>>> print(open('coords27.txt').read())   # compact mmCIF, C-alpha atoms
# COMPACT_ATOMS: atom_id res chain seq x y z
CA MET A 1 -21.33 -19.37 -5.94
CA PRO A 2 -23.17 -16.61 -7.85
CA ARG A 3 -22.23 -13.01 -7.15
CA PRO A 4 -24.58 -11.51 -4.57
CA ALA A 5 -27.46 -9.75 -6.27
CA LEU A 6 -27.95 -6.07 -5.57
CA PRO A 7 -30.95 -3.88 -6.32
CA GLY A 8 -30.79 -1.84 -9.47
CA ARG A 9 -31.56 -1.96 -13.14
CA PRO A 10 -29.54 -4.34 -15.31
CA VAL A 11 -26.06 -3.09 -16.23
CA THR A 12 -26.09 -2.21 -19.90
CA LYS A 13 -23.25 -0.67 -21.84
CA ARG A 14 -25.27 2.48 -22.29
CA SER A 15 -26.24 3.00 -18.65
CA ARG A 16 -22.71 2.43 -17.37
CA GLN A 17 -21.33 5.03 -19.74
CA ASP A 18 -23.99 7.59 -18.93
CA ARG A 19 -23.94 7.46 -15.13
CA PRO A 20 -23.33 5.00 -12.33
CA THR A 21 -26.00 2.32 -12.15
CA ARG A 22 -28.07 2.00 -8.98
CA GLN A 23 -25.97 -1.08 -8.08
CA ALA A 24 -22.76 0.90 -8.51
CA GLN A 25 -24.18 3.75 -6.40
CA ILE A 26 -25.00 1.38 -3.58
CA LEU A 27 -21.59 -0.31 -3.63
CA GLU A 28 -19.72 3.00 -3.85
CA THR A 29 -21.74 4.43 -0.98
CA ALA A 30 -21.18 1.32 1.15
CA ALA A 31 -17.44 1.52 0.41
CA ARG A 32 -17.38 5.14 1.56
CA ILE A 33 -19.19 4.29 4.78
CA PHE A 34 -16.91 1.32 5.50
CA CYS A 35 -13.87 3.60 4.98
CA GLU A 36 -15.24 6.40 7.15
CA LYS A 37 -16.52 4.31 10.06
CA GLY A 38 -14.38 1.20 9.69
CA PHE A 39 -15.88 -2.10 8.55
CA ASP A 40 -16.45 -3.36 12.10
CA LYS A 41 -18.15 -0.20 13.35
CA ALA A 42 -20.32 0.44 10.30
CA SER A 43 -23.71 -1.24 10.41
CA MET A 44 -26.03 -2.43 7.65
CA GLU A 45 -28.42 0.24 8.97
CA ASP A 46 -25.82 2.95 8.21
CA VAL A 47 -25.55 1.65 4.66
CA ALA A 48 -29.33 1.34 4.21
CA ASP A 49 -29.85 4.91 5.47
CA ALA A 50 -27.22 6.29 3.10
CA VAL A 51 -28.69 4.62 0.03
CA GLY A 52 -32.32 5.33 0.91
CA LEU A 53 -33.44 1.79 1.64
CA THR A 54 -34.89 0.32 4.81
CA LYS A 55 -32.64 -2.13 6.62
CA ALA A 56 -35.05 -4.93 5.64
CA GLY A 57 -34.95 -3.66 2.06
CA LEU A 58 -31.15 -3.88 2.02
CA TYR A 59 -31.17 -7.37 3.57
CA HIS A 60 -33.67 -8.46 0.94
CA HIS A 61 -30.90 -8.05 -1.63
CA ILE A 62 -27.71 -8.66 0.38
CA GLY A 63 -27.55 -11.55 2.83
CA SER A 64 -24.89 -10.19 5.14
CA LYS A 65 -22.26 -7.52 5.72
CA ASP A 66 -19.58 -10.00 4.58
CA GLU A 67 -21.46 -10.46 1.32
CA LEU A 68 -21.63 -6.69 0.88
CA LEU A 69 -17.86 -6.45 1.41
CA PHE A 70 -17.34 -9.15 -1.22
CA ALA A 71 -19.71 -7.33 -3.62
CA ILE A 72 -17.67 -4.10 -3.26
CA MET A 73 -14.42 -5.93 -4.01
CA SER A 74 -16.01 -7.75 -6.95
CA TYR A 75 -17.21 -4.40 -8.27
CA GLY A 76 -13.66 -2.98 -7.91
CA MET A 77 -12.26 -5.93 -9.87
CA ASP A 78 -15.07 -5.63 -12.48
CA LEU A 79 -14.07 -2.03 -13.13
CA PHE A 80 -10.38 -2.98 -13.38
CA GLU A 81 -11.00 -5.86 -15.79
CA GLU A 82 -13.53 -3.98 -17.90
CA LYS A 83 -11.57 -0.71 -18.18
CA VAL A 84 -7.99 -2.03 -18.13
CA LEU A 85 -7.15 -5.73 -18.26
CA ASN A 86 -9.65 -6.92 -20.87
CA ARG A 87 -8.76 -4.01 -23.14
CA VAL A 88 -4.98 -4.46 -23.04
CA MET A 89 -4.51 -8.23 -22.91
CA THR A 90 -5.17 -8.61 -26.61
CA ILE A 91 -2.35 -6.23 -27.59
CA ALA A 92 0.21 -8.38 -29.40
CA ASP A 93 3.40 -6.40 -28.72
CA PRO A 94 4.41 -7.00 -25.09
CA LEU A 95 5.96 -3.54 -24.61
CA GLU A 96 2.85 -1.79 -25.91
CA ARG A 97 0.71 -4.14 -23.78
CA LEU A 98 2.68 -3.27 -20.65
CA LYS A 99 2.57 0.48 -21.37
CA ALA A 100 -1.20 0.34 -21.86
CA ALA A 101 -1.72 -1.69 -18.67
CA LEU A 102 0.49 0.64 -16.63
CA ARG A 103 -1.16 3.82 -17.88
CA GLY A 104 -4.68 2.38 -17.72
CA HIS A 105 -4.22 1.09 -14.18
CA VAL A 106 -2.79 4.39 -12.92
CA LEU A 107 -5.65 6.38 -14.47
CA LEU A 108 -8.23 3.92 -13.12
CA VAL A 109 -6.89 4.42 -9.59
CA ILE A 110 -6.64 8.20 -9.95
CA ARG A 111 -9.86 9.08 -11.68
CA ASP A 112 -12.02 6.18 -12.89
CA ARG A 113 -12.69 4.26 -9.69
CA PRO A 114 -13.75 5.76 -6.38
CA LYS A 115 -10.84 5.89 -3.95
CA GLU A 116 -12.87 4.09 -1.30
CA VAL A 117 -13.48 1.10 -3.59
CA THR A 118 -9.70 0.87 -4.12
CA VAL A 119 -9.06 1.05 -0.38
CA ILE A 120 -11.58 -1.71 0.34
CA LEU A 121 -10.13 -3.85 -2.46
CA HIS A 122 -6.77 -3.92 -0.66
CA GLU A 123 -8.35 -5.28 2.53
CA THR A 124 -8.71 -8.84 1.27
CA ASN A 125 -7.82 -10.13 4.74
CA ALA A 126 -11.20 -8.86 5.96
CA LEU A 127 -12.87 -11.42 3.65
CA LYS A 128 -13.52 -15.01 4.68
CA GLY A 129 -13.06 -18.38 3.02
CA ARG A 130 -14.40 -18.71 -0.50
CA PHE A 131 -15.07 -14.98 -0.84
CA ARG A 132 -11.37 -14.31 -0.21
CA ASP A 133 -10.29 -17.10 -2.58
CA ARG A 134 -12.41 -15.69 -5.39
CA ILE A 135 -11.02 -12.15 -5.13
CA ASN A 136 -7.45 -13.41 -4.71
CA ALA A 137 -7.83 -15.57 -7.82
CA ARG A 138 -8.80 -12.50 -9.86
CA LYS A 139 -5.81 -10.55 -8.48
CA LYS A 140 -3.50 -13.48 -9.23
CA ARG A 141 -4.69 -13.53 -12.84
CA TYR A 142 -3.36 -9.98 -13.21
CA ILE A 143 -0.02 -10.88 -11.60
CA LYS A 144 0.37 -13.81 -14.02
CA PHE A 145 -0.49 -11.50 -16.92
CA LEU A 146 2.23 -9.04 -15.86
CA GLU A 147 4.85 -11.76 -15.28
CA LYS A 148 4.12 -13.26 -18.70
CA THR A 149 4.36 -9.83 -20.31
CA PHE A 150 7.75 -9.13 -18.67
CA ARG A 151 9.04 -12.54 -19.86
CA GLU A 152 7.92 -11.83 -23.42
CA MET A 153 9.55 -8.40 -23.29
CA THR A 154 12.85 -9.90 -22.15
CA LYS A 155 12.64 -12.53 -24.88
CA SER A 156 11.95 -9.93 -27.57
CA GLY A 157 14.83 -7.75 -26.35
CA ALA A 158 12.56 -4.95 -25.16
CA ALA A 159 13.27 -5.52 -21.47
CA ARG A 160 16.34 -6.19 -19.38
CA ARG A 161 16.44 -9.52 -17.56
CA VAL A 162 14.52 -8.63 -14.37
CA ASP A 163 12.81 -10.93 -11.89
CA PRO A 164 9.24 -11.05 -13.31
CA SER A 165 7.53 -11.46 -9.92
CA ALA A 166 9.52 -8.70 -8.24
CA ALA A 167 8.86 -6.43 -11.22
CA ALA A 168 5.13 -7.20 -11.12
CA PHE A 169 4.85 -6.47 -7.40
CA ALA A 170 7.03 -3.36 -7.73
CA MET A 171 4.61 -2.03 -10.35
CA LEU A 172 1.54 -2.95 -8.30
CA GLY A 173 3.00 -1.36 -5.16
CA MET A 174 3.80 1.85 -7.01
CA ILE A 175 0.24 2.02 -8.38
CA ASN A 176 -1.64 0.81 -5.32
CA TRP A 177 0.15 3.40 -3.15
CA ILE A 178 -1.10 6.34 -5.24
CA TYR A 179 -4.24 6.91 -3.18
CA GLN A 180 -2.02 7.52 -0.15
CA TRP A 181 -0.44 10.64 -1.63
CA TYR A 182 -2.27 11.86 -4.75
CA ARG A 183 -4.60 14.81 -4.22
CA PRO A 184 -6.77 15.99 -7.16
CA GLY A 185 -6.04 19.59 -8.08
CA GLY A 186 -2.42 19.40 -6.90
CA ARG A 187 0.76 20.17 -8.86
CA LEU A 188 0.52 17.00 -10.96
CA SER A 189 -2.52 16.32 -13.16
CA ASP A 190 -3.77 12.75 -13.48
CA GLU A 191 -2.10 12.49 -16.89
CA ALA A 192 1.16 13.87 -15.47
CA VAL A 193 1.14 11.26 -12.70
CA ALA A 194 0.58 8.51 -15.27
CA ASP A 195 3.46 9.87 -17.38
CA ALA A 196 5.84 10.29 -14.43
CA LEU A 197 5.19 6.84 -12.91
CA SER A 198 5.42 5.14 -16.32
CA ASP A 199 8.71 6.95 -16.92
CA VAL A 200 10.18 5.86 -13.57
CA PHE A 201 9.04 2.25 -13.89
CA LEU A 202 10.03 1.79 -17.53
CA GLY A 203 13.25 3.79 -17.55
CA GLY A 204 14.39 3.62 -13.94
CA ILE A 205 16.24 6.37 -12.17
CA LEU A 206 19.79 5.95 -13.38
CA ALA A 207 21.28 7.81 -16.30
CA ARG A 208 23.46 4.81 -17.05
CA PRO A 209 21.41 1.69 -16.28
CA PRO A 210 23.08 -1.67 -15.63
CA GLY A 211 21.99 -3.11 -19.00
CA PRO A 212 20.94 -6.73 -19.59
CA ALA A 213 22.28 -9.09 -16.92
CA MET B 1 3.96 16.92 23.61
CA PRO B 2 6.25 14.24 25.06
CA ARG B 3 6.02 10.72 23.67
CA PRO B 4 3.76 8.58 25.84
CA ALA B 5 5.78 6.68 28.43
CA LEU B 6 5.56 2.92 28.44
CA PRO B 7 6.67 0.44 31.09
CA GLY B 8 10.07 -1.17 30.62
CA ARG B 9 13.70 -0.70 31.39
CA PRO B 10 15.51 2.19 29.76
CA VAL B 11 16.50 1.62 26.14
CA THR B 12 20.25 1.23 26.05
CA LYS B 13 22.33 0.37 23.02
CA ARG B 14 23.18 -2.96 24.56
CA SER B 15 19.65 -4.05 25.43
CA ARG B 16 18.25 -3.09 22.03
CA GLN B 17 20.93 -5.08 20.25
CA ASP B 18 20.50 -8.13 22.48
CA ARG B 19 16.72 -8.50 22.47
CA PRO B 20 13.60 -6.36 22.24
CA THR B 21 13.14 -4.14 25.26
CA ARG B 22 10.02 -4.52 27.38
CA GLN B 23 8.68 -1.35 25.75
CA ALA B 24 9.26 -2.79 22.28
CA GLN B 25 7.58 -6.06 23.31
CA ILE B 26 4.49 -4.22 24.48
CA LEU B 27 4.22 -2.10 21.33
CA GLU B 28 4.83 -5.05 19.02
CA THR B 29 2.22 -7.13 20.85
CA ALA B 30 -0.31 -4.29 20.75
CA ALA B 31 0.34 -3.87 17.01
CA ARG B 32 -0.32 -7.57 16.47
CA ILE B 33 -3.58 -7.41 18.40
CA PHE B 34 -4.76 -4.29 16.56
CA CYS B 35 -4.02 -6.04 13.26
CA GLU B 36 -5.76 -9.26 14.23
CA LYS B 37 -8.89 -7.79 15.82
CA GLY B 38 -9.00 -4.41 14.13
CA PHE B 39 -8.27 -1.22 16.06
CA ASP B 40 -11.93 -0.54 16.84
CA LYS B 41 -12.72 -4.03 18.09
CA ALA B 42 -9.53 -4.55 20.12
CA SER B 43 -9.76 -3.37 23.72
CA MET B 44 -7.12 -2.15 26.15
CA GLU B 45 -7.99 -5.27 28.14
CA ASP B 46 -6.97 -7.47 25.19
CA VAL B 47 -3.62 -5.67 25.05
CA ALA B 48 -3.10 -5.82 28.84
CA ASP B 49 -3.87 -9.57 28.87
CA ALA B 50 -1.43 -10.26 26.05
CA VAL B 51 1.46 -8.41 27.70
CA GLY B 52 0.79 -9.72 31.21
CA LEU B 53 -0.38 -6.48 32.81
CA THR B 54 -3.65 -5.66 34.48
CA LYS B 55 -5.85 -3.20 32.63
CA ALA B 56 -5.17 -0.64 35.38
CA GLY B 57 -1.45 -1.38 35.07
CA LEU B 58 -1.56 -0.65 31.35
CA TYR B 59 -3.58 2.56 31.85
CA HIS B 60 -1.03 3.65 34.44
CA HIS B 61 1.48 3.99 31.63
CA ILE B 62 -0.68 4.73 28.57
CA GLY B 63 -3.51 7.25 28.85
CA SER B 64 -5.71 5.95 26.05
CA LYS B 65 -5.99 3.61 23.09
CA ASP B 66 -5.28 6.57 20.78
CA GLU B 67 -2.04 7.21 22.66
CA LEU B 68 -1.10 3.55 22.30
CA LEU B 69 -1.70 3.75 18.55
CA PHE B 70 0.52 6.83 18.39
CA ALA B 71 3.21 5.05 20.45
CA ILE B 72 3.23 2.11 18.00
CA MET B 73 3.63 4.45 15.03
CA SER B 74 6.36 6.42 16.82
CA TYR B 75 8.16 3.16 17.54
CA GLY B 76 7.88 2.18 13.84
CA MET B 77 9.38 5.54 12.83
CA ASP B 78 12.10 5.22 15.54
CA LEU B 79 13.20 1.90 14.04
CA PHE B 80 13.21 3.37 10.53
CA GLU B 81 15.22 6.44 11.51
CA GLU B 82 17.65 4.53 13.73
CA LYS B 83 18.30 1.64 11.32
CA VAL B 84 17.95 3.41 7.97
CA LEU B 85 17.57 7.17 7.65
CA ASN B 86 20.09 8.36 10.25
CA ARG B 87 22.69 5.93 8.93
CA VAL B 88 22.40 6.89 5.26
CA MET B 89 21.75 10.62 5.32
CA THR B 90 25.41 11.43 5.97
CA ILE B 91 26.59 9.59 2.83
CA ALA B 92 28.01 12.30 0.58
CA ASP B 93 27.52 10.70 -2.83
CA PRO B 94 23.81 10.92 -3.71
CA LEU B 95 23.74 7.66 -5.71
CA GLU B 96 25.38 5.69 -2.90
CA ARG B 97 23.02 7.43 -0.43
CA LEU B 98 19.96 6.40 -2.44
CA LYS B 99 21.18 2.83 -2.88
CA ALA B 100 21.76 2.51 0.88
CA ALA B 101 18.35 4.00 1.71
CA LEU B 102 16.56 1.74 -0.78
CA ARG B 103 18.29 -1.44 0.38
CA GLY B 104 18.05 -0.53 4.09
CA HIS B 105 14.35 0.34 3.85
CA VAL B 106 13.49 -2.90 2.00
CA LEU B 107 15.39 -5.02 4.55
CA LEU B 108 13.80 -3.13 7.45
CA VAL B 109 10.33 -3.93 6.11
CA ILE B 110 11.17 -7.56 5.32
CA ARG B 111 13.12 -8.63 8.38
CA ASP B 112 13.99 -5.89 10.90
CA ARG B 113 10.58 -4.52 11.84
CA PRO B 114 7.52 -6.60 12.73
CA LYS B 115 5.06 -6.68 9.85
CA GLU B 116 2.23 -5.54 12.14
CA VAL B 117 4.11 -2.37 13.13
CA THR B 118 4.52 -1.58 9.42
CA VAL B 119 0.81 -2.17 8.79
CA ILE B 120 -0.20 0.10 11.67
CA LEU B 121 2.25 2.78 10.51
CA HIS B 122 0.35 3.05 7.22
CA GLU B 123 -2.94 3.74 8.99
CA THR B 124 -2.17 7.36 9.82
CA ASN B 125 -5.80 8.27 9.16
CA ALA B 126 -6.74 6.42 12.34
CA LEU B 127 -4.74 9.02 14.32
CA LYS B 128 -6.22 12.29 15.49
CA GLY B 129 -5.03 15.90 15.49
CA ARG B 130 -1.54 16.50 16.81
CA PHE B 131 -0.69 12.80 16.94
CA ARG B 132 -1.34 12.57 13.22
CA ASP B 133 0.60 15.77 12.51
CA ARG B 134 3.65 14.48 14.35
CA ILE B 135 3.82 11.16 12.49
CA ASN B 136 3.12 12.82 9.15
CA ALA B 137 5.94 15.32 9.78
CA ARG B 138 8.39 12.46 10.28
CA LYS B 139 7.19 10.75 7.10
CA LYS B 140 7.47 14.05 5.21
CA ARG B 141 11.08 14.43 6.33
CA TYR B 142 11.88 11.17 4.54
CA ILE B 143 10.06 12.28 1.37
CA LYS B 144 12.04 15.53 1.35
CA PHE B 145 15.26 13.56 1.86
CA LEU B 146 14.46 11.37 -1.16
CA GLU B 147 13.44 14.30 -3.38
CA LYS B 148 16.66 16.15 -2.49
CA THR B 149 18.71 13.02 -3.22
CA PHE B 150 17.06 12.58 -6.65
CA ARG B 151 17.73 16.24 -7.46
CA GLU B 152 21.39 15.89 -6.51
CA MET B 153 21.67 12.72 -8.59
CA THR B 154 20.24 14.48 -11.63
CA LYS B 155 22.60 17.40 -11.10
CA SER B 156 25.63 15.12 -10.80
CA GLY B 157 24.63 13.23 -13.94
CA ALA B 158 23.89 9.99 -12.06
CA ALA B 159 20.15 10.14 -12.65
CA ARG B 160 17.88 10.92 -15.57
CA ARG B 161 15.62 13.95 -15.20
CA VAL B 162 12.65 12.39 -13.36
CA ASP B 163 9.94 14.08 -11.33
CA PRO B 164 11.44 13.92 -7.81
CA SER B 165 8.07 13.63 -6.00
CA ALA B 166 6.72 10.96 -8.32
CA ALA B 167 10.01 9.05 -8.03
CA ALA B 168 9.92 9.31 -4.21
CA PHE B 169 6.34 8.04 -4.00
CA ALA B 170 7.00 5.32 -6.59
CA MET B 171 9.86 4.06 -4.42
CA LEU B 172 7.80 4.26 -1.23
CA GLY B 173 4.86 2.47 -2.84
CA MET B 174 7.10 -0.32 -4.10
CA ILE B 175 8.60 -0.78 -0.61
CA ASN B 176 5.45 -0.27 1.44
CA TRP B 177 3.60 -2.85 -0.63
CA ILE B 178 6.10 -5.63 0.16
CA TYR B 179 4.23 -6.90 3.22
CA GLN B 180 1.23 -7.60 0.99
CA TRP B 181 3.07 -10.26 -1.01
CA TYR B 182 6.38 -11.28 0.58
CA ARG B 183 6.31 -14.57 2.49
CA PRO B 184 9.44 -15.59 4.44
CA GLY B 185 10.83 -18.90 3.21
CA GLY B 186 9.51 -18.40 -0.32
CA ARG B 187 11.45 -18.47 -3.60
CA LEU B 188 13.12 -15.08 -2.98
CA SER B 189 15.32 -14.54 0.09
CA ASP B 190 15.19 -11.16 1.81
CA GLU B 191 18.50 -10.21 0.16
CA ALA B 192 17.16 -11.33 -3.23
CA VAL B 193 14.07 -9.14 -2.82
CA ALA B 194 16.27 -6.16 -1.92
CA ASP B 195 18.45 -6.82 -4.99
CA ALA B 196 15.50 -7.31 -7.35
CA LEU B 197 13.56 -4.24 -6.23
CA SER B 198 16.70 -2.06 -6.27
CA ASP B 199 17.44 -3.33 -9.77
CA VAL B 200 13.93 -2.51 -11.04
CA PHE B 201 13.80 0.92 -9.42
CA LEU B 202 17.31 2.01 -10.38
CA GLY B 203 17.51 0.47 -13.85
CA GLY B 204 13.87 0.30 -14.91
CA ILE B 205 12.41 -2.41 -17.08
CA LEU B 206 13.44 -1.35 -20.55
CA ALA B 207 16.54 -2.59 -22.32
CA ARG B 208 16.83 0.77 -24.07
CA PRO B 209 15.70 3.44 -21.61
CA PRO B 210 14.53 6.85 -22.81
CA GLY B 211 17.72 8.57 -21.58
CA PRO B 212 17.85 12.07 -20.06
CA ALA B 213 14.81 14.15 -21.00
>>> encode(input="coords27.txt", output="structure tokens")
Amino acid sequence: MPRPALPGRPVTKRSRQDRPTRQAQILETAARIFCEKGFDKASMEDVADAVGLTKAGLYHHIGSKDELLFAIMSYGMDLFEEKVLNRVMTIADPLERLKAALRGHVLLVIRDRPKEVTVILHETNALKGRFRDRINARKKRYIKFLEKTFREMTKSGAARRVDPSAAAFAMLGMINWIYQWYRPGGRLSDEAVADALSDVFLGGILARPPGPA
Amino acid sequence: MPRPALPGRPVTKRSRQDRPTRQAQILETAARIFCEKGFDKASMEDVADAVGLTKAGLYHHIGSKDELLFAIMSYGMDLFEEKVLNRVMTIADPLERLKAALRGHVLLVIRDRPKEVTVILHETNALKGRFRDRINARKKRYIKFLEKTFREMTKSGAARRVDPSAAAFAMLGMINWIYQWYRPGGRLSDEAVADALSDVFLGGILARPPGPA
């Protein structure tokens, strides 16, 4: 199943770096409207109005509200893979790979991806059938990447012997919860949050940790 | 503002320990329906049907759907405070206090509080005005408790010097994310999840942690 097409010029490296493409604008606006009104209450007309298209114009490009929801989540995963996962997965040293993934993911959530896209991305249960399977498969790929990295770290002596799945979900929970409490302009800068969360996850809380099991 | 009254016999120690009270049944059922249908789509009639009351009977006890949402969140916080916070906050040693809070909170989320009540409790943005303020104040009390405990641990030499707010939100994120991935009957038992997450949060991932800053 091809990704649903959306209006807008083709995504080139240059245009993405300069400013959001028209496609990104539409998906980010739709995400904001779904968050504000709730997915059920928001209509395709609300979205069309906000992006300056007629309702028919929007339907010309997107077959249904479900497809639009899937397109927003796909866009959220695109950003994550492009800006974080694809950049770090080639790092040979597992500790450096984990550090880069942790920092990159925190900064993506804090400043490089609209909060509303992150919120929508967590609502996979709102998706149906194959749409849900496709997003979940992309999320699972990241979990497997983290588990593999933890195993390599333990093998190389860089990490204690922790449960790789529990560690992966602990890290994801810590990061995915950020939008619930972080407010831009507060006491902690985005870099300070990335430092503090990396410090807690890597080093733990205790002064005298349990050591390898 | 008094908590909204709900039908049911008075909550006594005995009845709560034996089986859910009628009030708890109603709130847990309403939480399930809100999760399944979405808060906006679910009607008071849906809730009344599911708990075996007429719509008028339900409105006799609960003034509005917003009040019902607030009652579910209050119930979720009641369970947390009764089963976790009130039991651990008198523990003198800060490390033992944190360990008990961490373990108790994980087990509450996994097995002692219906998943749907936890989900609803995270949707504070759906609440309005004073309802929202009241739930947020109870959540904030827990954050303050954790920050104070981390500070005491650092002072006593039990903890490294971590940012207390970042550590508190890292712990909450890790715990509040559990319902997204934990499936009863899977590879990890509830006790194993509590052990693994406590191990990661307390000891961190690294074999050679950074030590006190």
>>> residues_around(input="coords27.txt", residues="range 195-210 of chain B", least_positions_apart="6", cutoff="10 Å", atoms="only C-alpha atoms", output="mmCIF file with C-alpha atoms, keeping the file's coordinate frame")
data_model
loop_
_atom_site.group_PDB
_atom_site.id
_atom_site.type_symbol
_atom_site.label_atom_id
_atom_site.label_comp_id
_atom_site.auth_asym_id
_atom_site.auth_seq_id
_atom_site.Cartn_x
_atom_site.Cartn_y
_atom_site.Cartn_z
ATOM 1 C CA LEU A 95 5.960 -3.540 -24.610
ATOM 2 C CA PHE A 150 7.750 -9.130 -18.670
ATOM 3 C CA MET A 153 9.550 -8.400 -23.290
ATOM 4 C CA THR A 154 12.850 -9.900 -22.150
ATOM 5 C CA GLY A 157 14.830 -7.750 -26.350
ATOM 6 C CA ALA A 158 12.560 -4.950 -25.160
ATOM 7 C CA ALA A 159 13.270 -5.520 -21.470
ATOM 8 C CA ARG A 160 16.340 -6.190 -19.380
ATOM 9 C CA ARG A 161 16.440 -9.520 -17.560
ATOM 10 C CA VAL A 162 14.520 -8.630 -14.370
ATOM 11 C CA ASP A 163 12.810 -10.930 -11.890
ATOM 12 C CA PRO A 164 9.240 -11.050 -13.310
ATOM 13 C CA SER A 165 7.530 -11.460 -9.920
ATOM 14 C CA ALA A 166 9.520 -8.700 -8.240
ATOM 15 C CA ALA A 167 8.860 -6.430 -11.220
ATOM 16 C CA ALA A 168 5.130 -7.200 -11.120
ATOM 17 C CA PHE A 169 4.850 -6.470 -7.400
ATOM 18 C CA ALA A 170 7.030 -3.360 -7.730
ATOM 19 C CA MET A 171 4.610 -2.030 -10.350
ATOM 20 C CA SER A 198 5.420 5.140 -16.320
ATOM 21 C CA ASP A 199 8.710 6.950 -16.920
ATOM 22 C CA VAL A 200 10.180 5.860 -13.570
ATOM 23 C CA PHE A 201 9.040 2.250 -13.890
ATOM 24 C CA LEU A 202 10.030 1.790 -17.530
ATOM 25 C CA GLY A 203 13.250 3.790 -17.550
ATOM 26 C CA GLY A 204 14.390 3.620 -13.940
ATOM 27 C CA ILE A 205 16.240 6.370 -12.170
ATOM 28 C CA LEU A 206 19.790 5.950 -13.380
ATOM 29 C CA ALA A 207 21.280 7.810 -16.300
ATOM 30 C CA ARG A 208 23.460 4.810 -17.050
ATOM 31 C CA PRO A 209 21.410 1.690 -16.280
ATOM 32 C CA PRO A 210 23.080 -1.670 -15.630
ATOM 33 C CA GLY A 211 21.990 -3.110 -19.000
ATOM 34 C CA PRO A 212 20.940 -6.730 -19.590
ATOM 35 C CA LEU B 95 23.740 7.660 -5.710
ATOM 36 C CA LEU B 98 19.960 6.400 -2.440
ATOM 37 C CA LYS B 99 21.180 2.830 -2.880
ATOM 38 C CA ALA B 100 21.760 2.510 0.880
ATOM 39 C CA LEU B 102 16.560 1.740 -0.780
ATOM 40 C CA ARG B 103 18.290 -1.440 0.380
ATOM 41 C CA VAL B 106 13.490 -2.900 2.000
ATOM 42 C CA ALA B 159 20.150 10.140 -12.650
ATOM 43 C CA ARG B 160 17.880 10.920 -15.570
ATOM 44 C CA ALA B 167 10.010 9.050 -8.030
ATOM 45 C CA ALA B 170 7.000 5.320 -6.590
ATOM 46 C CA MET B 171 9.860 4.060 -4.420
ATOM 47 C CA MET B 174 7.100 -0.320 -4.100
ATOM 48 C CA ILE B 175 8.600 -0.780 -0.610
ATOM 49 C CA ILE B 178 6.100 -5.630 0.160
ATOM 50 C CA LEU B 188 13.120 -15.080 -2.980
ATOM 51 C CA SER B 189 15.320 -14.540 0.090
#
>>> residues_around(input="coords27.txt", residues="range 49-52 of chain A", least_positions_apart="2", cutoff="12 Å", atoms="all atoms listed in the file", output="list in words")
Pro7, Gly8, Arg22, Gln23, Ala24, Gln25, Ile26, Leu27, Glu28, Thr29, Ala30, Ala31, Arg32, Ile33, Phe34, Ala42, Ser43, Met44, Glu45, Asp46, Val47, Thr54, Lys55, Ala56, Gly57 and Leu58 of chain A
>>> closest_residue(input="coords27.txt", among="B:Ala48, B:Val84, B:Ala194, B:Ile62", to="chain A", atoms="all atoms listed in the file")
B:Ala194
>>> atom_distance(input="coords27.txt", atom1="CA of Tyr75 in chain B", atom2="CA of Thr124 in chain A")
26.3 Å
>>> atom_distance(input="coords27.txt", atom1="CA of Met89 in chain B", atom2="CA of Tyr182 in chain A")
26.1 Å
>>> residues_around(input="coords27.txt", residues="Phe80 in chain B", least_positions_apart="6", cutoff="10 Å", atoms="only C-alpha atoms", output="ChimeraX atom specification")
/B:74,86-87,104-105,108-109,112-113,142
>>> closest_residue(input="coords27.txt", among="B:Ile135, B:Met77, B:Val193, B:Ile120", to="chain A", atoms="only C-alpha atoms")
B:Val193
